[in-house]
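Trainee: My structure file protein-v4.cif, mmCIF, C-alpha atoms, is below:
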data_query
#
loop_
_atom_site.group_PDB
_atom_site.id
_atom_site.type_symbol
_atom_site.label_atom_id
_atom_site.label_comp_id
_atom_site.auth_asym_id
_atom_site.auth_seq_id
_atom_site.Cartn_x
_atom_site.Cartn_y
_atom_site.Cartn_z
ATOM 1 C CA MET A 1 -30.155 111.332 -155.608
ATOM 2 C CA LEU A 2 -27.888 113.173 -153.166
ATOM 3 C CA SER A 3 -30.685 115.575 -152.180
ATOM 4 C CA GLN A 4 -33.056 112.662 -151.630
ATOM 5 C CA THR A 5 -30.496 111.002 -149.369
ATOM 6 C CA ARG A 6 -30.077 114.128 -147.330
ATOM 7 C CA THR A 7 -33.830 114.534 -147.070
ATOM 8 C CA GLY A 8 -34.169 110.947 -145.963
ATOM 9 C CA ARG A 9 -31.496 111.392 -143.333
ATOM 10 C CA ASP A 10 -33.111 114.582 -142.048
ATOM 11 C CA GLY A 11 -36.515 112.916 -141.995
ATOM 12 C CA ILE A 12 -35.131 110.209 -139.773
ATOM 13 C CA GLY A 13 -32.749 112.226 -137.658
ATOM 14 C CA VAL A 14 -34.802 115.286 -136.755
ATOM 15 C CA PRO A 15 -37.945 113.420 -135.557
ATOM 16 C CA ALA A 16 -35.797 110.988 -133.611
ATOM 17 C CA LEU A 17 -34.007 113.894 -131.964
ATOM 18 C CA ILE A 18 -37.332 115.542 -131.071
ATOM 19 C CA ASP A 19 -38.526 112.278 -129.527
ATOM 20 C CA LYS A 20 -35.381 111.988 -127.416
ATOM 21 C CA ILE A 21 -35.218 115.593 -126.172
ATOM 22 C CA PRO A 22 -37.293 114.945 -122.983
ATOM 23 C CA LEU A 23 -35.256 111.864 -122.121
ATOM 24 C CA LEU A 24 -31.965 113.626 -122.832
ATOM 25 C CA LEU A 25 -33.031 116.519 -120.613
ATOM 26 C CA PHE A 26 -33.912 114.100 -117.821
ATOM 27 C CA ALA A 27 -30.536 112.404 -118.224
ATOM 28 C CA ALA A 28 -28.755 115.752 -118.011
ATOM 29 C CA LEU A 29 -30.686 116.714 -114.862
ATOM 30 C CA LEU A 30 -29.954 113.379 -113.199
ATOM 31 C CA LEU A 31 -26.271 113.637 -114.113
ATOM 32 C CA PHE A 32 -26.200 117.082 -112.526
ATOM 33 C CA LEU A 33 -27.827 115.676 -109.377
ATOM 34 C CA CYS A 34 -25.315 112.815 -109.239
ATOM 35 C CA VAL A 35 -22.520 115.377 -109.114
ATOM 36 C CA GLN A 36 -24.103 118.083 -106.967
ATOM 37 C CA ALA A 37 -26.645 116.451 -104.637
ATOM 38 C CA PRO A 38 -25.126 114.991 -101.433
ATOM 39 C CA TYR A 39 -25.763 111.264 -100.843
ATOM 40 C CA PHE A 40 -27.828 111.013 -104.063
ATOM 41 C CA LEU A 41 -26.037 107.822 -105.136
ATOM 42 C CA SER A 42 -25.983 106.186 -101.710
ATOM 43 C CA TRP A 43 -27.741 102.856 -101.174
ATOM 44 C CA GLN A 44 -29.921 104.318 -98.422
ATOM 45 C CA ASN A 45 -31.125 107.091 -100.702
ATOM 46 C CA GLY A 46 -31.696 104.585 -103.494
ATOM 47 C CA ALA A 47 -33.989 102.578 -101.219
ATOM 48 C CA ILE A 48 -35.883 105.756 -100.359
ATOM 49 C CA ILE A 49 -36.344 106.562 -104.064
ATOM 50 C CA LEU A 50 -37.621 103.047 -104.765
ATOM 51 C CA ARG A 51 -40.055 103.195 -101.841
ATOM 52 C CA GLN A 52 -41.367 106.587 -102.903
ATOM 53 C CA THR A 53 -41.752 105.367 -106.487
ATOM 54 C CA ALA A 54 -44.294 102.658 -105.611
ATOM 55 C CA PRO A 55 -47.585 104.662 -105.610
ATOM 56 C CA LEU A 56 -46.609 106.750 -108.643
ATOM 57 C CA ALA A 57 -45.521 103.683 -110.628
ATOM 58 C CA ILE A 58 -48.801 101.856 -109.935
ATOM 59 C CA LEU A 59 -50.845 104.916 -110.935
ATOM 60 C CA SER A 60 -48.752 105.346 -114.081
ATOM 61 C CA CYS A 61 -49.348 101.709 -115.019
ATOM 62 C CA GLY A 62 -53.087 102.318 -114.674
ATOM 63 C CA LEU A 63 -52.870 105.389 -116.885
ATOM 64 C CA ALA A 64 -50.798 103.438 -119.428
ATOM 65 C CA CYS A 65 -53.596 100.851 -119.673
ATOM 66 C CA VAL A 66 -56.144 103.560 -120.503
ATOM 67 C CA ILE A 67 -53.829 105.150 -123.074
ATOM 68 C CA ARG A 68 -53.100 101.818 -124.756
ATOM 69 C CA GLY A 69 -56.828 101.174 -125.040
ATOM 70 C CA GLY A 70 -57.894 104.613 -126.212
ATOM 71 C CA GLY A 71 -54.860 105.674 -128.234
ATOM 72 C CA ASP A 72 -52.007 107.977 -127.258
ATOM 73 C CA ASP A 73 -53.303 111.170 -128.835
ATOM 74 C CA VAL A 74 -52.794 113.777 -126.106
ATOM 75 C CA ILE A 75 -56.187 115.446 -126.703
ATOM 76 C CA ALA A 76 -58.546 112.877 -128.195
ATOM 77 C CA GLY A 77 -56.911 109.635 -127.066
ATOM 78 C CA GLY A 78 -57.266 107.626 -123.895
ATOM 79 C CA ILE A 79 -56.499 109.493 -120.690
ATOM 80 C CA ASP A 80 -57.592 109.328 -117.069
ATOM 81 C CA LEU A 81 -56.690 112.333 -114.952
ATOM 82 C CA SER A 82 -58.841 111.165 -112.047
ATOM 83 C CA LEU A 83 -56.572 108.307 -110.920
ATOM 84 C CA PRO A 84 -54.672 110.275 -108.233
ATOM 85 C CA ALA A 85 -57.965 111.632 -106.855
ATOM 86 C CA ILE A 86 -59.372 108.079 -106.779
ATOM 87 C CA ALA A 87 -56.314 106.846 -104.882
ATOM 88 C CA VAL A 88 -56.449 109.721 -102.385
ATOM 89 C CA LEU A 89 -60.177 109.090 -101.782
ATOM 90 C CA ALA A 90 -59.412 105.415 -101.128
ATOM 91 C CA VAL A 91 -56.675 106.449 -98.675
ATOM 92 C CA ALA A 92 -59.172 108.664 -96.825
ATOM 93 C CA ILE A 93 -61.659 105.793 -96.603
ATOM 94 C CA LEU A 94 -58.975 103.409 -95.342
ATOM 95 C CA SER A 95 -57.763 105.955 -92.798
ATOM 96 C CA HIS A 96 -61.286 106.508 -91.517
ATOM 97 C CA GLY A 97 -61.850 102.782 -91.218
ATOM 98 C CA LEU A 98 -58.588 102.105 -89.410
ATOM 99 C CA THR A 99 -59.035 104.965 -86.928
ATOM 100 C CA GLY A 100 -62.800 104.798 -86.487
ATOM 101 C CA GLY A 101 -62.979 101.636 -84.430
ATOM 102 C CA ALA A 102 -63.530 99.205 -87.306
ATOM 103 C CA GLU A 103 -62.376 95.694 -86.470
ATOM 104 C CA GLY A 104 -59.920 94.252 -88.972
ATOM 105 C CA TYR A 105 -58.922 95.390 -92.420
ATOM 106 C CA VAL A 106 -61.536 93.707 -94.596
ATOM 107 C CA TRP A 107 -64.339 96.270 -94.461
ATOM 108 C CA PRO A 108 -62.170 99.359 -94.908
ATOM 109 C CA ALA A 109 -60.404 97.655 -97.828
ATOM 110 C CA LEU A 110 -63.700 96.625 -99.450
ATOM 111 C CA LEU A 111 -65.145 100.119 -99.041
ATOM 112 C CA ALA A 112 -62.036 101.697 -100.558
ATOM 113 C CA LEU A 113 -62.063 99.235 -103.464
ATOM 114 C CA GLY A 114 -65.777 99.775 -104.029
ATOM 115 C CA ALA A 115 -65.354 103.561 -104.061
ATOM 116 C CA ALA A 116 -62.483 103.291 -106.561
ATOM 117 C CA LEU A 117 -64.466 101.045 -108.895
ATOM 118 C CA LEU A 118 -67.510 103.327 -108.648
ATOM 119 C CA ALA A 119 -65.304 106.239 -109.664
ATOM 120 C CA GLY A 120 -64.023 104.173 -112.575
ATOM 121 C CA ALA A 121 -67.623 103.362 -113.542
ATOM 122 C CA LEU A 122 -68.391 107.097 -113.483
ATOM 123 C CA ASN A 123 -65.582 107.667 -115.964
ATOM 124 C CA VAL A 124 -66.987 104.887 -118.128
ATOM 125 C CA ALA A 125 -70.443 106.510 -118.067
ATOM 126 C CA LEU A 126 -69.004 109.900 -119.026
ATOM 127 C CA VAL A 127 -66.563 108.723 -121.695
ATOM 128 C CA VAL A 128 -68.199 105.630 -123.187
ATOM 129 C CA GLY A 129 -71.843 106.246 -122.319
ATOM 130 C CA ILE A 130 -72.247 109.978 -122.943
ATOM 131 C CA GLY A 131 -69.257 110.368 -125.271
ATOM 132 C CA LEU A 132 -67.468 113.219 -123.502
ATOM 133 C CA PRO A 133 -63.785 113.753 -124.371
ATOM 134 C CA PRO A 134 -61.745 111.665 -121.899
ATOM 135 C CA LEU A 135 -59.548 114.637 -120.975
ATOM 136 C CA LEU A 136 -62.503 116.764 -119.854
ATOM 137 C CA ALA A 137 -64.554 113.922 -118.376
ATOM 138 C CA THR A 138 -61.809 112.557 -116.139
ATOM 139 C CA LEU A 139 -60.688 116.045 -115.124
ATOM 140 C CA ALA A 140 -64.247 116.832 -113.988
ATOM 141 C CA CYS A 141 -64.360 113.500 -112.140
ATOM 142 C CA SER A 142 -61.061 114.355 -110.453
ATOM 143 C CA VAL A 143 -62.397 117.683 -109.202
ATOM 144 C CA ALA A 144 -65.568 116.011 -107.890
ATOM 145 C CA LEU A 145 -63.635 113.272 -106.094
ATOM 146 C CA THR A 146 -61.253 115.791 -104.542
ATOM 147 C CA GLY A 147 -64.243 117.671 -103.171
ATOM 148 C CA LEU A 148 -65.690 114.421 -101.814
ATOM 149 C CA THR A 149 -62.380 113.612 -100.115
ATOM 150 C CA ASN A 150 -62.234 117.082 -98.550
ATOM 151 C CA TRP A 151 -65.769 116.624 -97.223
ATOM 152 C CA LEU A 152 -64.962 113.179 -95.852
ATOM 153 C CA THR A 153 -61.800 114.300 -94.063
ATOM 154 C CA GLY A 154 -62.856 117.854 -93.225
ATOM 155 C CA GLN A 155 -59.642 118.902 -94.989
ATOM 156 C CA ARG A 156 -57.711 117.624 -91.982
ATOM 157 C CA ARG A 157 -54.959 115.070 -91.784
ATOM 158 C CA ILE A 158 -55.962 111.637 -90.480
ATOM 159 C CA SER A 159 -52.993 109.895 -88.856
ATOM 160 C CA VAL A 160 -52.979 106.110 -88.858
ATOM 161 C CA ASP A 161 -51.008 104.309 -86.161
ATOM 162 C CA ASP A 162 -51.447 100.688 -87.192
ATOM 163 C CA PRO A 163 -48.814 97.944 -86.849
ATOM 164 C CA ALA A 164 -49.576 96.429 -90.267
ATOM 165 C CA VAL A 165 -49.309 99.806 -91.984
ATOM 166 C CA ALA A 166 -46.051 100.551 -90.152
ATOM 167 C CA ALA A 167 -44.638 97.152 -91.117
ATOM 168 C CA PHE A 168 -45.571 97.690 -94.759
ATOM 169 C CA ARG A 169 -43.871 101.077 -94.634
ATOM 170 C CA ASP A 170 -40.685 100.166 -92.779
ATOM 171 C CA ASN A 171 -39.908 96.471 -93.350
ATOM 172 C CA SER A 172 -37.787 95.046 -96.139
ATOM 173 C CA LEU A 173 -37.349 91.695 -97.848
ATOM 174 C CA PHE A 174 -33.968 90.738 -99.373
ATOM 175 C CA GLY A 175 -32.880 94.347 -99.037
ATOM 176 C CA LEU A 176 -35.873 95.861 -100.852
ATOM 177 C CA PRO A 177 -38.762 97.624 -99.069
ATOM 178 C CA LEU A 178 -42.053 95.711 -98.981
ATOM 179 C CA ALA A 179 -43.731 98.520 -100.918
ATOM 180 C CA VAL A 180 -41.296 97.906 -103.781
ATOM 181 C CA TRP A 181 -42.117 94.193 -103.847
ATOM 182 C CA PHE A 182 -45.809 95.102 -103.882
ATOM 183 C CA MET A 183 -45.196 97.497 -106.786
ATOM 184 C CA LEU A 184 -43.374 94.794 -108.744
ATOM 185 C CA LEU A 185 -46.171 92.280 -108.127
ATOM 186 C CA VAL A 186 -48.785 94.754 -109.343
ATOM 187 C CA PHE A 187 -46.669 95.559 -112.381
ATOM 188 C CA ALA A 188 -46.244 91.859 -113.217
ATOM 189 C CA ALA A 189 -50.011 91.308 -112.929
ATOM 190 C CA PHE A 190 -50.796 94.258 -115.201
ATOM 191 C CA GLN A 191 -48.092 93.198 -117.653
ATOM 192 C CA PHE A 192 -49.724 89.769 -117.884
ATOM 193 C CA ILE A 193 -53.219 91.216 -118.299
ATOM 194 C CA ILE A 194 -52.249 93.666 -121.038
ATOM 195 C CA HIS A 195 -49.702 91.644 -123.014
ATOM 196 C CA HIS A 196 -50.404 87.977 -122.317
ATOM 197 C CA SER A 197 -54.188 87.684 -122.016
ATOM 198 C CA ARG A 198 -56.705 87.589 -124.866
ATOM 199 C CA TRP A 199 -58.550 90.601 -123.423
ATOM 200 C CA GLY A 200 -55.301 92.568 -123.285
ATOM 201 C CA GLN A 201 -54.475 91.731 -126.899
ATOM 202 C CA HIS A 202 -57.942 92.906 -127.922
ATOM 203 C CA LEU A 203 -57.438 96.121 -125.936
ATOM 204 C CA LEU A 204 -54.147 96.844 -127.718
ATOM 205 C CA ALA A 205 -55.830 96.189 -131.073
ATOM 206 C CA ALA A 206 -58.648 98.589 -130.199
ATOM 207 C CA GLY A 207 -56.195 101.304 -129.186
ATOM 208 C CA GLY A 208 -53.968 100.802 -132.211
ATOM 209 C CA ASN A 209 -56.713 100.924 -134.848
ATOM 210 C CA PRO A 210 -60.324 101.176 -133.592
ATOM 211 C CA GLU A 211 -61.891 100.855 -137.043
ATOM 212 C CA SER A 212 -60.004 97.665 -137.849
ATOM 213 C CA ALA A 213 -60.880 96.304 -134.398
ATOM 214 C CA ARG A 214 -64.579 96.937 -135.041
ATOM 215 C CA MET A 215 -64.372 95.270 -138.454
ATOM 216 C CA SER A 216 -62.831 92.261 -136.704
ATOM 217 C CA GLY A 217 -65.885 92.020 -134.460
ATOM 218 C CA LEU A 218 -64.383 93.502 -131.302
ATOM 219 C CA SER A 219 -66.490 95.689 -129.019
ATOM 220 C CA VAL A 220 -64.218 98.704 -128.749
ATOM 221 C CA SER A 221 -66.491 100.504 -126.287
ATOM 222 C CA SER A 222 -66.504 97.503 -123.925
ATOM 223 C CA LEU A 223 -62.723 97.244 -124.108
ATOM 224 C CA VAL A 224 -62.285 100.954 -123.372
ATOM 225 C CA ALA A 225 -64.715 100.668 -120.466
ATOM 226 C CA GLY A 226 -62.685 97.772 -119.089
ATOM 227 C CA SER A 227 -59.483 99.812 -119.292
ATOM 228 C CA TYR A 228 -60.992 102.545 -117.106
ATOM 229 C CA LEU A 229 -62.105 99.989 -114.529
ATOM 230 C CA LEU A 230 -58.669 98.366 -114.594
ATOM 231 C CA ALA A 231 -57.075 101.782 -114.052
ATOM 232 C CA ALA A 232 -59.422 102.411 -111.113
ATOM 233 C CA LEU A 233 -58.266 99.094 -109.645
ATOM 234 C CA ALA A 234 -54.675 100.325 -110.025
ATOM 235 C CA ALA A 235 -55.609 103.483 -108.106
ATOM 236 C CA ALA A 236 -57.097 101.362 -105.313
ATOM 237 C CA LEU A 237 -53.879 99.322 -105.114
ATOM 238 C CA ALA A 238 -51.778 102.491 -105.145
ATOM 239 C CA SER A 239 -53.775 103.755 -102.167
ATOM 240 C CA LEU A 240 -52.217 101.031 -100.001
ATOM 241 C CA THR A 241 -48.723 102.341 -100.690
ATOM 242 C CA LEU A 242 -49.891 105.938 -100.272
ATOM 243 C CA LEU A 243 -51.450 105.080 -96.911
ATOM 244 C CA ALA A 244 -48.226 103.473 -95.691
ATOM 245 C CA GLN A 245 -46.014 106.188 -97.133
ATOM 246 C CA GLY A 246 -47.926 109.012 -95.475
ATOM 247 C CA SER A 247 -49.014 107.100 -92.340
ATOM 248 C CA GLY A 248 -52.562 108.224 -93.036
ATOM 249 C CA SER A 249 -54.512 110.630 -95.186
ATOM 250 C CA SER A 250 -53.274 114.144 -95.968
ATOM 251 C CA PRO A 251 -55.205 116.827 -97.888
ATOM 252 C CA GLY A 252 -53.796 118.176 -101.139
ATOM 253 C CA THR A 253 -51.831 115.104 -102.209
ATOM 254 C CA ALA A 254 -53.764 114.456 -105.429
ATOM 255 C CA GLU A 255 -52.557 117.537 -107.325
ATOM 256 C CA PRO A 256 -48.788 116.831 -107.235
ATOM 257 C CA LEU A 257 -49.475 113.161 -107.950
ATOM 258 C CA LEU A 258 -51.439 114.147 -111.058
ATOM 259 C CA LEU A 259 -48.532 116.154 -112.471
ATOM 260 C CA GLU A 260 -46.031 113.415 -111.705
ATOM 261 C CA MET A 261 -48.266 110.660 -113.127
ATOM 262 C CA VAL A 262 -48.689 112.428 -116.478
ATOM 263 C CA LEU A 263 -44.984 113.251 -116.629
ATOM 264 C CA ALA A 264 -43.871 109.717 -115.732
ATOM 265 C CA THR A 265 -46.263 107.996 -118.152
ATOM 266 C CA PHE A 266 -45.436 110.093 -121.205
ATOM 267 C CA ILE A 267 -41.707 110.345 -120.544
ATOM 268 C CA GLY A 268 -41.787 106.550 -120.478
ATOM 269 C CA ALA A 269 -42.726 106.547 -124.174
ATOM 270 C CA SER A 270 -39.129 107.583 -124.895
ATOM 271 C CA PHE A 271 -38.019 104.079 -123.862
ATOM 272 C CA SER A 272 -40.199 102.450 -126.534
ATOM 273 C CA ARG A 273 -38.843 101.804 -130.015
ATOM 274 C CA ARG A 274 -42.155 102.909 -131.520
ATOM 275 C CA ARG A 275 -42.344 105.864 -129.093
ATOM 276 C CA VAL A 276 -45.642 104.681 -127.587
ATOM 277 C CA VAL A 277 -46.759 104.573 -123.957
ATOM 278 C CA THR A 278 -45.983 101.205 -122.376
ATOM 279 C CA LEU A 279 -46.163 99.666 -118.918
ATOM 280 C CA TRP A 280 -42.384 99.238 -118.781
ATOM 281 C CA GLY A 281 -41.953 102.842 -119.821
ATOM 282 C CA ALA A 282 -44.406 104.006 -117.159
ATOM 283 C CA LEU A 283 -42.463 102.113 -114.494
ATOM 284 C CA LEU A 284 -39.125 103.554 -115.592
ATOM 285 C CA GLY A 285 -40.657 107.010 -115.994
ATOM 286 C CA ALA A 286 -41.968 106.915 -112.430
ATOM 287 C CA LEU A 287 -38.498 105.978 -111.211
ATOM 288 C CA LEU A 288 -36.960 108.894 -113.131
ATOM 289 C CA VAL A 289 -39.501 111.403 -111.833
ATOM 290 C CA ASN A 290 -39.026 110.333 -108.226
ATOM 291 C CA ALA A 291 -35.243 110.360 -108.593
ATOM 292 C CA LEU A 292 -35.489 113.922 -109.904
ATOM 293 C CA SER A 293 -37.749 115.003 -107.029
ATOM 294 C CA ASN A 294 -35.459 113.335 -104.502
ATOM 295 C CA GLY A 295 -32.321 114.938 -105.894
ATOM 296 C CA LEU A 296 -33.837 118.410 -106.016
ATOM 297 C CA ALA A 297 -35.028 117.956 -102.434
ATOM 298 C CA LEU A 298 -31.472 117.022 -101.400
ATOM 299 C CA LEU A 299 -30.326 120.273 -102.990
ATOM 300 C CA ARG A 300 -33.029 122.037 -100.960
ATOM 301 C CA VAL A 301 -34.663 123.509 -104.039
ATOM 302 C CA ASP A 302 -37.728 125.557 -103.102
ATOM 303 C CA ILE A 303 -40.989 123.635 -103.532
ATOM 304 C CA PHE A 304 -42.365 126.301 -105.879
ATOM 305 C CA TRP A 305 -39.358 125.960 -108.174
ATOM 306 C CA LEU A 306 -39.804 122.192 -108.019
ATOM 307 C CA GLY A 307 -43.361 122.562 -109.298
ATOM 308 C CA ALA A 308 -42.217 124.950 -112.021
ATOM 309 C CA ILE A 309 -39.538 122.514 -113.196
ATOM 310 C CA LYS A 310 -42.012 119.635 -113.356
ATOM 311 C CA GLY A 311 -44.560 121.812 -115.140
ATOM 312 C CA ALA A 312 -41.982 122.794 -117.774
ATOM 313 C CA LEU A 313 -41.017 119.150 -118.228
ATOM 314 C CA ILE A 314 -44.670 118.169 -118.683
ATOM 315 C CA LEU A 315 -45.099 120.824 -121.386
ATOM 316 C CA LEU A 316 -41.974 119.537 -123.115
ATOM 317 C CA VAL A 317 -43.043 115.885 -122.903
ATOM 318 C CA LEU A 318 -46.616 116.520 -124.081
ATOM 319 C CA GLY A 319 -45.356 118.798 -126.841
ATOM 320 C CA ALA A 320 -43.058 116.057 -128.110
ATOM 321 C CA ALA A 321 -45.949 113.561 -127.904
ATOM 322 C CA SER A 322 -48.205 115.907 -129.896
ATOM 323 C CA ILE A 323 -45.554 116.382 -132.601
ATOM 324 C CA ARG A 324 -45.073 112.621 -132.721
ATOM 325 C CA GLN A 325 -48.839 112.072 -133.122
ATOM 326 C CA ARG A 326 -49.072 114.608 -135.952
ATOM 327 C CA ARG A 327 -46.167 112.952 -137.716
ATOM 328 C CA ARG A 328 -47.941 109.588 -137.563
ATOM 329 C CA GLY A 329 -51.138 111.059 -138.963
ATOM 330 C CA SER A 330 -49.388 112.802 -141.873
#
Translate the structure described by the file into structure tokens.

Mentor:
Amino acid sequence: MLSQTRTGRDGIGVPALIDKIPLLLFAALLLFLCVQAPYFLSWQNGAIILRQTAPLAILSCGLACVIRGGGDDVIAGGIDLSLPAIAVLAVAILSHGLTGGAEGYVWPALLALGAALLAGALNVALVVGIGLPPLLATLACSVALTGLTNWLTGQRRISVDDPAVAAFRDNSLFGLPLAVWFMLLVFAAFQFIIHHSRWGQHLLAAGGNPESARMSGLSVSSLVAGSYLLAALAAALASLTLLAQGSGSSPGTAEPLLLEMVLATFIGASFSRRRVVTLWGALLGALLVNALSNGLALLRVDIFWLGAIKGALILLVLGAASIRQRRRGS
């Protein structure tokens, strides 16, 4: 009886500790930054972190929708690595429209939205139609979209000097930047769609147990296809904050966003009791990742070391997620 009790305690304690290692490491890093980084805890720096979090948080919410619909298996589950490339392409289209003599904002916005949804439809065709693994299909789509963006911009920066964009970037409401309010509105809309609509409940059922969902009469393939289109819509919305944040389109912004999106979304699973990817977790994960980047920048850490640190954290987070998935399947 005593040995069984010890085994039971180890079975509970060790997996729980493994699940919490990424979050504990993040907490230790942030505590170090609070002590060492100048002005890290100031209100002005906090507003900067919140503003910078907006595009990453919206992209992470889109990725969370795909994962909840396809399952959180790191290899075979739902994933969409093309979201940052979709957002950057939409930013390029918006920048071209706003600097190319187009009158108003409607046509550039519609073109950017249409391009994002077409990219989402391409993912649907590859994943649902052809049956390619989501990891490979969306990675290939990301590479293709990055090439399209480079062709569209000539790999040059497109600066946007527009009063509406500047106001969205610089103005605040009740002490919070407008981009943060926009992020919260998008999050609330996605939270309602996923957790309070019938379609969202069906999507969660399909991601939790596809076979049971099919036996219940749900079209799992249609639900998964909808999650990719919803994620593409999130990328289009994130492009508005990216456009304002960068005052235009800059080449090479998709790659760091991809790393941060994956890190933020999966680290957010540590906030869930069942250790699954959630929208709330994605939002908090994005805030943690941006706080880490901000603090390391205040310490003037070399950009190459910054990438190495984030890469190591991604390996740790995905490793913990893989161990967690194996434990569920055993």

Trainee: Which neighbours of A:Thr265 fall inside 7 Å, counting all atoms listed in the file, when residues of the same chain fewer than 4 positions from it are skipped, and could you give them as an MDAnalysis selection string?

Mentor: chainID A and resid 60 64 261 277 281:282 285

Trainee: For A:Leu218, work out the shell of residues within 12 Å, counting only C-alpha atoms and skipping chain neighbours fewer than 3 positions away, then give it as a PyMOL selection string.

Mentor: chain A and resi 198-199+201-207+209-215+221-224

Trainee: Hey, what comes out of the PyMOL selection byres ((chain A and resi 158) around 10) on this file? Could you write it as a list in words?

Mentor: Val91, Ala92, Ser95, His96, Leu98, Thr99, Thr153, Gly154, Gln155, Arg156, Arg157, Ser159, Val160, Asp161, Gly246, Ser247, Gly248, Ser249, Ser250 and Pro251 of chain A

Trainee: Excluding same-chain residues fewer than 3 positions from A:Ile58, what lies within 7 Å of it counting all atoms listed in the file, as a PyMOL selection string?

Mentor: chain A and resi 54-55+61-62+183+234+238

Trainee: Can you sort out the box for stretch 32-37 of chain A, edges along x, y and z, all listed atoms in, 8 Å on every side, with centre and edge lengths in Å to one decimal, as JSON?

Mentor:
{"center_x": -25.2, "center_y": 115.4, "center_z": -108.6, "size_x": 21.3, "size_y": 21.3, "size_z": 23.9}

Trainee: Running the PyMOL selection byres ((chain A and resi 112-126) around 6) on this model by hand, what would come out? Give it as an NGL selection string.

Mentor: :A and (86 or 90 or 93 or 109-111 or 127-130 or 132 or 225 or 228-229 or 232 or 236)

Trainee: Using only C-alpha atoms, collect all residues at a distance of at most 12 Å from (-52.2, 119.1, -107.1) as written in the file, then present them as a ChimeraX atom specification.

Mentor: /A:81-82,84-85,88,142-143,146,251-261,307,310-311

Trainee: Could you tell me which residues the PyMOL selection byres ((chain A and resi 313) around 12) grabs in this file, written as a ChimeraX atom specification?

Mentor: /A:21-26,29,259-260,262-264,266-267,289,292,306-312,314-320

Trainee: Which residue is closest to A:Leu237? Choose from A:Ile79, A:Leu185, A:Ala269, A:Gly104 and count only C-alpha atoms.

Mentor: A:Leu185

Trainee: For atom CA of A:Leu59 and atom CA of A:Leu296, determine how far apart the two atoms are, in Å to one decimal place.

Mentor: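 Computing the Euclidean distance for atom CA of A:Leu59 and atom CA of A:Leu296 yields 22.3 Å.
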
Trainee: What's the separation between atom CA of A:Thr53 and atom CA of A:Thr241, in Å to one decimal place?

Mentor: 9.6 Å

Trainee: Between atom CA of A:Ala27 and atom CA of A:Leu173, what is the distance in Å, rounded to a tenth?

Mentor: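 So the two atoms, atom CA of A:Ala27 and atom CA of A:Leu173, lie 29.8 Å apart.
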
Trainee: Restricting the calculation to all atoms listed in the file, which member of A:Leu230, A:Phe168, A:Leu240, A:Leu135 is positioned closest to A:Ala87?

Mentor: A:Leu240

Trainee: Residues near A:Trp280, anyone? I mean within 8 Å using all atoms listed in the file, not counting same-chain ones fewer than 3 positions away, as a list in words.

Mentor: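 After dropping sequence-adjacent residues, the list is Gly268, Leu283 and Leu284 of chain A.
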
Trainee: The selected residues should be written to file as a JSON list (two decimals), in the frame of the given file (atoms: C-alpha atoms).

Mentor:
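Result file result_21.json:
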[["chain", "number", "residue", "atom", "x", "y", "z"],
["A", 268, "GLY", "CA", -41.79, 106.55, -120.48],
["A", 283, "LEU", "CA", -42.46, 102.11, -114.49],
["A", 284, "LEU", "CA", -39.12, 103.55, -115.59]]
